[in-house]
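Have a look at final-v9.csv below; it lists CSV, C-alpha atoms and all ligand atoms.
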chain,number,residue,atom,x,y,z
A,1,MET,CA,4.6,8.7,-14.4
A,2,THR,CA,4.6,8.3,-10.6
A,3,ILE,CA,7.3,6.5,-8.8
A,4,PHE,CA,4.9,3.6,-8.2
A,5,GLU,CA,4.1,3.3,-11.9
A,6,LYS,CA,7.8,3.0,-12.5
A,7,ILE,CA,8.0,0.2,-9.9
A,8,ILE,CA,5.1,-1.6,-11.5
A,9,ALA,CA,6.9,-1.2,-14.9
A,10,ARG,CA,10.1,-2.5,-13.3
A,11,GLU,CA,11.8,0.7,-14.3
A,12,ILE,CA,13.0,1.2,-10.8
A,13,PRO,CA,13.7,-1.6,-8.3
A,14,ALA,CA,11.6,-2.5,-5.2
A,15,LYS,CA,11.5,-5.4,-2.8
A,16,VAL,CA,8.3,-7.0,-4.3
A,17,ILE,CA,6.6,-9.4,-2.0
A,18,TRP,CA,3.4,-10.2,-3.9
A,19,GLU,CA,1.8,-9.3,-7.3
A,20,ASP,CA,-1.1,-10.2,-9.5
A,21,ASP,CA,-2.8,-8.6,-12.5
A,22,ASP,CA,-4.5,-6.0,-10.4
A,23,ALA,CA,-2.0,-4.9,-7.7
A,24,ILE,CA,1.5,-5.2,-6.4
A,25,ALA,CA,2.9,-5.1,-2.9
A,26,PHE,CA,6.5,-4.1,-2.0
A,27,GLU,CA,8.4,-2.9,1.0
A,28,ASP,CA,8.3,0.8,1.8
A,29,VAL,CA,11.6,2.5,1.2
A,30,ASN,CA,11.2,4.5,4.4
A,31,PRO,CA,9.8,2.0,6.8
A,32,GLN,CA,7.9,3.2,9.8
A,33,ALA,CA,7.7,-0.2,11.5
A,34,PRO,CA,9.6,-3.5,11.1
A,35,VAL,CA,6.9,-4.5,8.6
A,36,HIS,CA,5.9,-1.7,6.3
A,37,VAL,CA,4.5,-2.8,3.0
A,38,LEU,CA,2.7,-0.8,0.3
A,39,ILE,CA,-0.1,-2.4,-1.6
A,40,VAL,CA,-0.6,-0.5,-4.9
A,41,PRO,CA,-3.2,-1.0,-7.6
A,42,LYS,CA,-1.8,-1.2,-11.1
A,43,LYS,CA,-4.7,1.0,-12.3
A,44,VAL,CA,-3.7,4.6,-11.7
A,45,ILE,CA,-6.0,6.1,-9.2
A,46,PRO,CA,-4.4,9.2,-7.7
A,47,ARG,CA,-5.9,8.9,-4.3
A,48,LEU,CA,-8.9,7.4,-2.4
A,49,SER,CA,-10.9,10.6,-3.0
A,50,ALA,CA,-10.4,10.2,-6.7
A,51,ALA,CA,-11.8,6.6,-6.8
A,52,THR,CA,-15.1,6.1,-8.5
A,53,GLU,CA,-18.0,3.6,-8.4
A,54,LYS,CA,-16.1,1.5,-10.9
A,55,ASP,CA,-13.2,1.1,-8.4
A,56,ARG,CA,-15.2,-0.4,-5.6
A,57,ALA,CA,-14.3,-4.0,-6.2
A,58,LEU,CA,-10.6,-3.1,-6.6
A,59,LEU,CA,-10.7,-1.1,-3.3
A,60,GLY,CA,-12.2,-4.2,-1.5
A,61,LYS,CA,-9.5,-6.3,-3.0
A,62,LEU,CA,-6.7,-4.1,-1.7
A,63,MET,CA,-8.1,-4.6,1.8
A,64,ALA,CA,-8.4,-8.3,1.3
A,65,VAL,CA,-4.8,-8.4,0.1
A,66,ALA,CA,-3.7,-6.4,3.2
A,67,GLY,CA,-5.3,-9.1,5.3
A,68,ASP,CA,-3.7,-11.9,3.3
A,69,LEU,CA,-0.2,-10.3,3.5
A,70,ALA,CA,-0.6,-9.8,7.2
A,71,LYS,CA,-1.0,-13.5,7.6
A,72,LYS,CA,1.9,-14.2,5.2
A,73,LEU,CA,4.2,-11.8,7.1
A,74,GLU,CA,3.0,-13.3,10.5
A,75,ILE,CA,1.6,-10.1,12.0
A,76,ASP,CA,-2.0,-11.2,12.0
A,77,LYS,CA,-1.9,-12.4,15.6
A,78,THR,CA,0.1,-9.6,17.1
A,79,GLY,CA,-1.8,-7.0,15.2
A,80,TYR,CA,-1.2,-4.5,12.4
A,81,ARG,CA,-2.5,-1.2,11.0
A,82,VAL,CA,-3.8,-0.5,7.5
A,83,VAL,CA,-3.6,3.1,6.4
A,84,ILE,CA,-4.5,5.2,3.3
A,85,ASN,CA,-3.3,8.8,3.3
A,86,SER,CA,-5.5,10.8,0.9
A,87,GLY,CA,-4.6,14.4,0.3
A,88,PRO,CA,-2.4,17.0,1.8
A,89,ASP,CA,-3.8,17.0,5.4
A,90,ALA,CA,-3.1,13.2,5.6
A,91,GLY,CA,0.5,13.7,4.3
A,92,GLU,CA,0.0,11.9,1.0
A,93,SER,CA,3.3,12.2,-0.9
A,94,VAL,CA,2.9,9.9,-3.9
A,95,PRO,CA,-0.2,10.6,-6.0
A,96,HIS,CA,-1.0,7.0,-6.8
A,97,LEU,CA,-3.4,5.2,-4.4
A,98,HIS,CA,-1.6,2.9,-2.0
A,99,VAL,CA,-2.4,1.0,1.2
A,100,HIS,CA,0.2,1.0,3.9
A,101,LEU,CA,0.4,-2.2,6.0
A,102,LEU,CA,2.3,-1.7,9.2
A,103,GLY,CA,3.2,-4.1,12.0
A,104,LYS,CA,5.6,-6.0,14.2
A,105,ARG,CA,5.7,-3.2,16.8
A,106,ALA,CA,3.1,-1.5,19.0
A,107,LEU,CA,1.7,1.4,17.1
A,108,ALA,CA,0.5,4.6,18.8
A,109,TRP,CA,-3.0,6.0,18.5
A,110,PRO,CA,-4.1,8.6,17.6
A,111,PRO,CA,-1.7,9.1,14.7
A,112,GLY,CA,0.2,12.4,14.5
B,1,LIG,P1,2.2,8.4,1.4
B,1,LIG,O1,2.8,9.4,2.3
B,1,LIG,O2,1.0,7.8,2.0
B,1,LIG,O3,1.9,9.0,0.0
B,1,LIG,O4,3.3,7.3,1.3
B,1,LIG,C1,4.2,7.2,0.3
B,1,LIG,C2,5.2,6.1,0.7
B,1,LIG,O5,5.9,5.7,-0.4
B,1,LIG,C3,6.2,6.6,1.8
B,1,LIG,O6,6.0,5.8,2.9
B,1,LIG,C4,7.5,6.3,1.1
B,1,LIG,C5,7.2,5.4,0.0
B,1,LIG,N1,8.1,5.5,-1.2
B,1,LIG,C6,8.3,6.7,-1.8
B,1,LIG,N2,9.1,6.5,-2.8
B,1,LIG,C7,9.4,5.1,-2.8
B,1,LIG,C8,10.2,4.3,-3.7
B,1,LIG,O7,10.9,4.7,-4.6
B,1,LIG,N3,10.3,3.0,-3.4
B,1,LIG,C9,9.5,2.5,-2.3
B,1,LIG,N4,9.6,1.1,-2.1
B,1,LIG,N5,8.8,3.2,-1.5
B,1,LIG,C10,8.7,4.5,-1.8

Give the structure from the file, written as structure tokens.
Ligand code: DGP
Amino acid sequence: MTIFEKIIAREIPAKVIWEDDDAIAFEDVNPQAPVHVLIVPKKVIPRLSAATEKDRALLGKLMAVAGDLAKKLEIDKTGYRVVINSGPDAGESVPHLHVHLLGKRALAWPPG
């Protein structure tokens, strides 16, 4: 079980800000910006490169939820970044697909 499955199962605590039957969003434990939320599908998909044709609607939903939460967290006007780290070169550290939503500060580009 990954750490995110344990959060979904409420076996370990997290600051949950939104949830429905398909996904959950909670604050990142190691925030890289004043707003740093992880949007995690409840279906276990290890990473974006492991998603299949069947996951397309779910992937779209994760993006839509990121936009909704950006509004809820009032970073939609100042701007925000949505990131998925897939695989070792991207620095993926938890093998359960998740979308990072970062904002409330100016973010550098290109990323490191
Ligand atoms: P990534 O590097 O893209 O795989 O991002 C994994 C993120 O997960 C990282 O920013 C830190 C966060 N994280 C790891 N363990 C926990 C945890 O137990 N609780 C919470 N809230 N976040 C975690």

Selected residue of minimal separation from Gly79 (chain A) among A:Leu59, A:Met1, A:Val99, A:Ala106, counting only C-alpha atoms
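Looking only at the distances to Gly79 (chain A), the closest residue turns out to be A:Ala106.
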
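The space between CA of Pro41 (chain A) and CA of Asp22 (chain A) spans 5.9 Å.
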
Tell me, counting all atoms listed in the file, for each residue of chain A within 6 Å of ligand LIG 1 (chain B), which pair of atoms is nearest and how far apart they are in Å to one decimal, in rows ordered by chain and increasing number, as CSV.
residue,atom,partner,partner_atom,distance
A:Ile3,CA,B:LIG1,O7,5.8
A:Ala14,CA,B:LIG1,N4,5.2
A:Glu27,CA,B:LIG1,N4,5.2
A:Asp28,CA,B:LIG1,N5,4.1
A:Val29,CA,B:LIG1,N5,4.0
A:Asn30,CA,B:LIG1,C4,5.3
A:Asn85,CA,B:LIG1,O2,4.6
A:Gly91,CA,B:LIG1,O1,5.3
A:Glu92,CA,B:LIG1,O3,3.6
A:Ser93,CA,B:LIG1,O3,3.6
A:Val94,CA,B:LIG1,O3,4.1

Nearby residues (all atoms listed in the file) at most 9 Å from Leu101 (chain A), same-chain spacing under 6 positions excluded, as a PDB file with C-alpha atoms, in the coordinates of the input:
ATOM      1  CA  VAL A  35       6.900  -4.500   8.600  1.00  0.00           C
ATOM      2  CA  HIS A  36       5.900  -1.700   6.300  1.00  0.00           C
ATOM      3  CA  VAL A  37       4.500  -2.800   3.000  1.00  0.00           C
ATOM      4  CA  LEU A  38       2.700  -0.800   0.300  1.00  0.00           C
ATOM      5  CA  ILE A  39      -0.100  -2.400  -1.600  1.00  0.00           C
ATOM      6  CA  ALA A  66      -3.700  -6.400   3.200  1.00  0.00           C
ATOM      7  CA  GLY A  67      -5.300  -9.100   5.300  1.00  0.00           C
ATOM      8  CA  LEU A  69      -0.200 -10.300   3.500  1.00  0.00           C
ATOM      9  CA  ALA A  70      -0.600  -9.800   7.200  1.00  0.00           C
ATOM     10  CA  TYR A  80      -1.200  -4.500  12.400  1.00  0.00           C
ATOM     11  CA  ARG A  81      -2.500  -1.200  11.000  1.00  0.00           C
ATOM     12  CA  VAL A  82      -3.800  -0.500   7.500  1.00  0.00           C
ATOM     13  CA  VAL A  83      -3.600   3.100   6.400  1.00  0.00           C
TER      14      VAL A  83
END

Suppose you want the space between CA of Arg47 (chain A) and CA of Ala9 (chain A); what is it in Å?
19.4 Å

Write out as a list in words each polymer residue whose atoms come within 10 Å of Pro13 (chain A), counting all atoms listed in the file; drop sequence neighbours fewer than 6 positions from it.
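Once the adjacent positions are removed, what remains is Lys6, Ile7 and Phe26 of chain A.
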
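Between CA of Pro34 (chain A) and CA of Glu19 (chain A) the separation is 20.8 Å.
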
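If only C-alpha atoms are the atoms counted, then among A:Ile17, A:Ala33, A:Leu48, A:Ala25 the closest residue to Ala90 (chain A) is A:Leu48.
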
Within 12 Å of Ala50 (chain A) using all atoms listed in the file, minus same-chain residues under 6 positions, as a PyMOL selection string:
chain A and resi 44+56+59+86-87+95-97

Would you please work out which residue, of A:His98, A:Lys43, A:Lys54, A:Lys104, is nearest to Asp76 (chain A) when using all atoms listed in the file?
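Among A:His98, A:Lys43, A:Lys54, A:Lys104, it is A:Lys104 that comes nearest to Asp76 (chain A).
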
A:Pro46, A:Asp68, A:Met63, A:Ala23 ranked by distance to Thr2 (chain A), top pick (using only C-alpha atoms)
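Nearest to Thr2 (chain A): A:Pro46.
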
Proximity to Gly103 (chain A) - best of A:Val40, A:Ile45, A:Pro31, A:Ile8, only C-alpha atoms
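Among A:Val40, A:Ile45, A:Pro31, A:Ile8, it is A:Pro31 that comes nearest to Gly103 (chain A).
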
Working from the structure I just supplied, which lacks atoms in region 29-54 of chain A, can you model N, CA, C and O atoms there and output them as a PDB file, in the coordinates of the input?
ATOM      1  N   VAL A  29      10.210   2.096   1.149  1.00  0.00           N
ATOM      2  CA  VAL A  29      11.600   2.500   1.200  1.00  0.00           C
ATOM      3  C   VAL A  29      11.995   3.219   2.457  1.00  0.00           C
ATOM      4  O   VAL A  29      13.178   3.264   2.832  1.00  0.00           O
ATOM      5  N   ASN A  30      11.005   3.738   3.151  1.00  0.00           N
ATOM      6  CA  ASN A  30      11.200   4.500   4.400  1.00  0.00           C
ATOM      7  C   ASN A  30      10.345   3.913   5.490  1.00  0.00           C
ATOM      8  O   ASN A  30       9.373   4.542   5.927  1.00  0.00           O
ATOM      9  N   PRO A  31      10.687   2.694   5.942  1.00  0.00           N
ATOM     10  CA  PRO A  31       9.800   2.000   6.800  1.00  0.00           C
ATOM     11  C   PRO A  31       9.530   2.641   8.168  1.00  0.00           C
ATOM     12  O   PRO A  31      10.462   3.118   8.799  1.00  0.00           O
ATOM     13  N   GLN A  32       8.278   2.653   8.565  1.00  0.00           N
ATOM     14  CA  GLN A  32       7.900   3.200   9.800  1.00  0.00           C
ATOM     15  C   GLN A  32       7.603   2.172  10.902  1.00  0.00           C
ATOM     16  O   GLN A  32       7.179   2.481  12.022  1.00  0.00           O
ATOM     17  N   ALA A  33       7.834   0.942  10.548  1.00  0.00           N
ATOM     18  CA  ALA A  33       7.700  -0.200  11.500  1.00  0.00           C
ATOM     19  C   ALA A  33       8.464  -1.350  10.858  1.00  0.00           C
ATOM     20  O   ALA A  33       8.806  -1.309   9.667  1.00  0.00           O
ATOM     21  N   PRO A  34       8.782  -2.386  11.668  1.00  0.00           N
ATOM     22  CA  PRO A  34       9.600  -3.500  11.100  1.00  0.00           C
ATOM     23  C   PRO A  34       8.913  -4.145   9.887  1.00  0.00           C
ATOM     24  O   PRO A  34       9.609  -4.599   8.988  1.00  0.00           O
ATOM     25  N   VAL A  35       7.589  -4.196   9.872  1.00  0.00           N
ATOM     26  CA  VAL A  35       6.900  -4.500   8.600  1.00  0.00           C
ATOM     27  C   VAL A  35       6.198  -3.286   8.118  1.00  0.00           C
ATOM     28  O   VAL A  35       5.410  -2.658   8.843  1.00  0.00           O
ATOM     29  N   HIS A  36       6.542  -2.859   6.922  1.00  0.00           N
ATOM     30  CA  HIS A  36       5.900  -1.700   6.300  1.00  0.00           C
ATOM     31  C   HIS A  36       5.843  -1.978   4.792  1.00  0.00           C
ATOM     32  O   HIS A  36       6.847  -1.828   4.081  1.00  0.00           O
ATOM     33  N   VAL A  37       4.686  -2.412   4.368  1.00  0.00           N
ATOM     34  CA  VAL A  37       4.500  -2.800   3.000  1.00  0.00           C
ATOM     35  C   VAL A  37       3.470  -1.868   2.351  1.00  0.00           C
ATOM     36  O   VAL A  37       2.532  -1.414   3.020  1.00  0.00           O
ATOM     37  N   LEU A  38       3.659  -1.579   1.085  1.00  0.00           N
ATOM     38  CA  LEU A  38       2.700  -0.800   0.300  1.00  0.00           C
ATOM     39  C   LEU A  38       1.985  -1.698  -0.672  1.00  0.00           C
ATOM     40  O   LEU A  38       2.638  -2.475  -1.374  1.00  0.00           O
ATOM     41  N   ILE A  39       0.673  -1.611  -0.680  1.00  0.00           N
ATOM     42  CA  ILE A  39      -0.100  -2.400  -1.600  1.00  0.00           C
ATOM     43  C   ILE A  39      -0.716  -1.383  -2.621  1.00  0.00           C
ATOM     44  O   ILE A  39      -1.437  -0.454  -2.227  1.00  0.00           O
ATOM     45  N   VAL A  40      -0.354  -1.563  -3.872  1.00  0.00           N
ATOM     46  CA  VAL A  40      -0.600  -0.500  -4.900  1.00  0.00           C
ATOM     47  C   VAL A  40      -1.374  -1.107  -6.055  1.00  0.00           C
ATOM     48  O   VAL A  40      -0.925  -2.087  -6.675  1.00  0.00           O
ATOM     49  N   PRO A  41      -2.522  -0.530  -6.397  1.00  0.00           N
ATOM     50  CA  PRO A  41      -3.200  -1.000  -7.600  1.00  0.00           C
ATOM     51  C   PRO A  41      -2.473  -0.642  -8.839  1.00  0.00           C
ATOM     52  O   PRO A  41      -1.822   0.411  -8.895  1.00  0.00           O
ATOM     53  N   LYS A  42      -2.538  -1.501  -9.840  1.00  0.00           N
ATOM     54  CA  LYS A  42      -1.800  -1.200 -11.100  1.00  0.00           C
ATOM     55  C   LYS A  42      -2.604  -0.117 -11.877  1.00  0.00           C
ATOM     56  O   LYS A  42      -1.998   0.656 -12.612  1.00  0.00           O
ATOM     57  N   LYS A  43      -3.912  -0.064 -11.686  1.00  0.00           N
ATOM     58  CA  LYS A  43      -4.700   1.000 -12.300  1.00  0.00           C
ATOM     59  C   LYS A  43      -4.277   2.325 -11.567  1.00  0.00           C
ATOM     60  O   LYS A  43      -4.180   2.361 -10.337  1.00  0.00           O
ATOM     61  N   VAL A  44      -4.056   3.359 -12.350  1.00  0.00           N
ATOM     62  CA  VAL A  44      -3.700   4.600 -11.700  1.00  0.00           C
ATOM     63  C   VAL A  44      -4.886   5.364 -11.217  1.00  0.00           C
ATOM     64  O   VAL A  44      -5.691   5.876 -11.985  1.00  0.00           O
ATOM     65  N   ILE A  45      -5.017   5.354  -9.903  1.00  0.00           N
ATOM     66  CA  ILE A  45      -6.000   6.100  -9.200  1.00  0.00           C
ATOM     67  C   ILE A  45      -5.224   7.066  -8.299  1.00  0.00           C
ATOM     68  O   ILE A  45      -4.461   6.568  -7.459  1.00  0.00           O
ATOM     69  N   PRO A  46      -5.291   8.363  -8.469  1.00  0.00           N
ATOM     70  CA  PRO A  46      -4.400   9.200  -7.700  1.00  0.00           C
ATOM     71  C   PRO A  46      -4.499   9.094  -6.197  1.00  0.00           C
ATOM     72  O   PRO A  46      -3.489   9.117  -5.492  1.00  0.00           O
ATOM     73  N   ARG A  47      -5.725   8.973  -5.710  1.00  0.00           N
ATOM     74  CA  ARG A  47      -5.900   8.900  -4.300  1.00  0.00           C
ATOM     75  C   ARG A  47      -7.313   8.371  -3.989  1.00  0.00           C
ATOM     76  O   ARG A  47      -8.154   8.322  -4.896  1.00  0.00           O
ATOM     77  N   LEU A  48      -7.580   8.029  -2.720  1.00  0.00           N
ATOM     78  CA  LEU A  48      -8.900   7.400  -2.400  1.00  0.00           C
ATOM     79  C   LEU A  48     -10.017   8.373  -2.821  1.00  0.00           C
ATOM     80  O   LEU A  48     -11.043   7.918  -3.340  1.00  0.00           O
ATOM     81  N   SER A  49      -9.823   9.664  -2.626  1.00  0.00           N
ATOM     82  CA  SER A  49     -10.900  10.600  -3.000  1.00  0.00           C
ATOM     83  C   SER A  49     -11.142  10.713  -4.458  1.00  0.00           C
ATOM     84  O   SER A  49     -12.149  11.281  -4.880  1.00  0.00           O
ATOM     85  N   ALA A  50     -10.242  10.142  -5.270  1.00  0.00           N
ATOM     86  CA  ALA A  50     -10.400  10.200  -6.700  1.00  0.00           C
ATOM     87  C   ALA A  50     -11.017   8.832  -7.225  1.00  0.00           C
ATOM     88  O   ALA A  50     -11.280   8.692  -8.418  1.00  0.00           O
ATOM     89  N   ALA A  51     -11.187   7.862  -6.338  1.00  0.00           N
ATOM     90  CA  ALA A  51     -11.800   6.600  -6.800  1.00  0.00           C
ATOM     91  C   ALA A  51     -13.232   6.764  -7.106  1.00  0.00           C
ATOM     92  O   ALA A  51     -13.915   7.629  -6.550  1.00  0.00           O
ATOM     93  N   THR A  52     -13.703   5.965  -8.037  1.00  0.00           N
ATOM     94  CA  THR A  52     -15.100   6.100  -8.500  1.00  0.00           C
ATOM     95  C   THR A  52     -15.833   4.784  -8.183  1.00  0.00           C
ATOM     96  O   THR A  52     -15.249   3.795  -7.713  1.00  0.00           O
ATOM     97  N   GLU A  53     -17.106   4.824  -8.528  1.00  0.00           N
ATOM     98  CA  GLU A  53     -18.000   3.600  -8.400  1.00  0.00           C
ATOM     99  C   GLU A  53     -17.333   2.407  -9.015  1.00  0.00           C
ATOM    100  O   GLU A  53     -17.391   1.307  -8.461  1.00  0.00           O
ATOM    101  N   LYS A  54     -16.687   2.602 -10.144  1.00  0.00           N
ATOM    102  CA  LYS A  54     -16.100   1.500 -10.900  1.00  0.00           C
ATOM    103  C   LYS A  54     -14.925   0.842 -10.112  1.00  0.00           C
ATOM    104  O   LYS A  54     -14.500  -0.266 -10.423  1.00  0.00           O
TER     105      LYS A  54
END
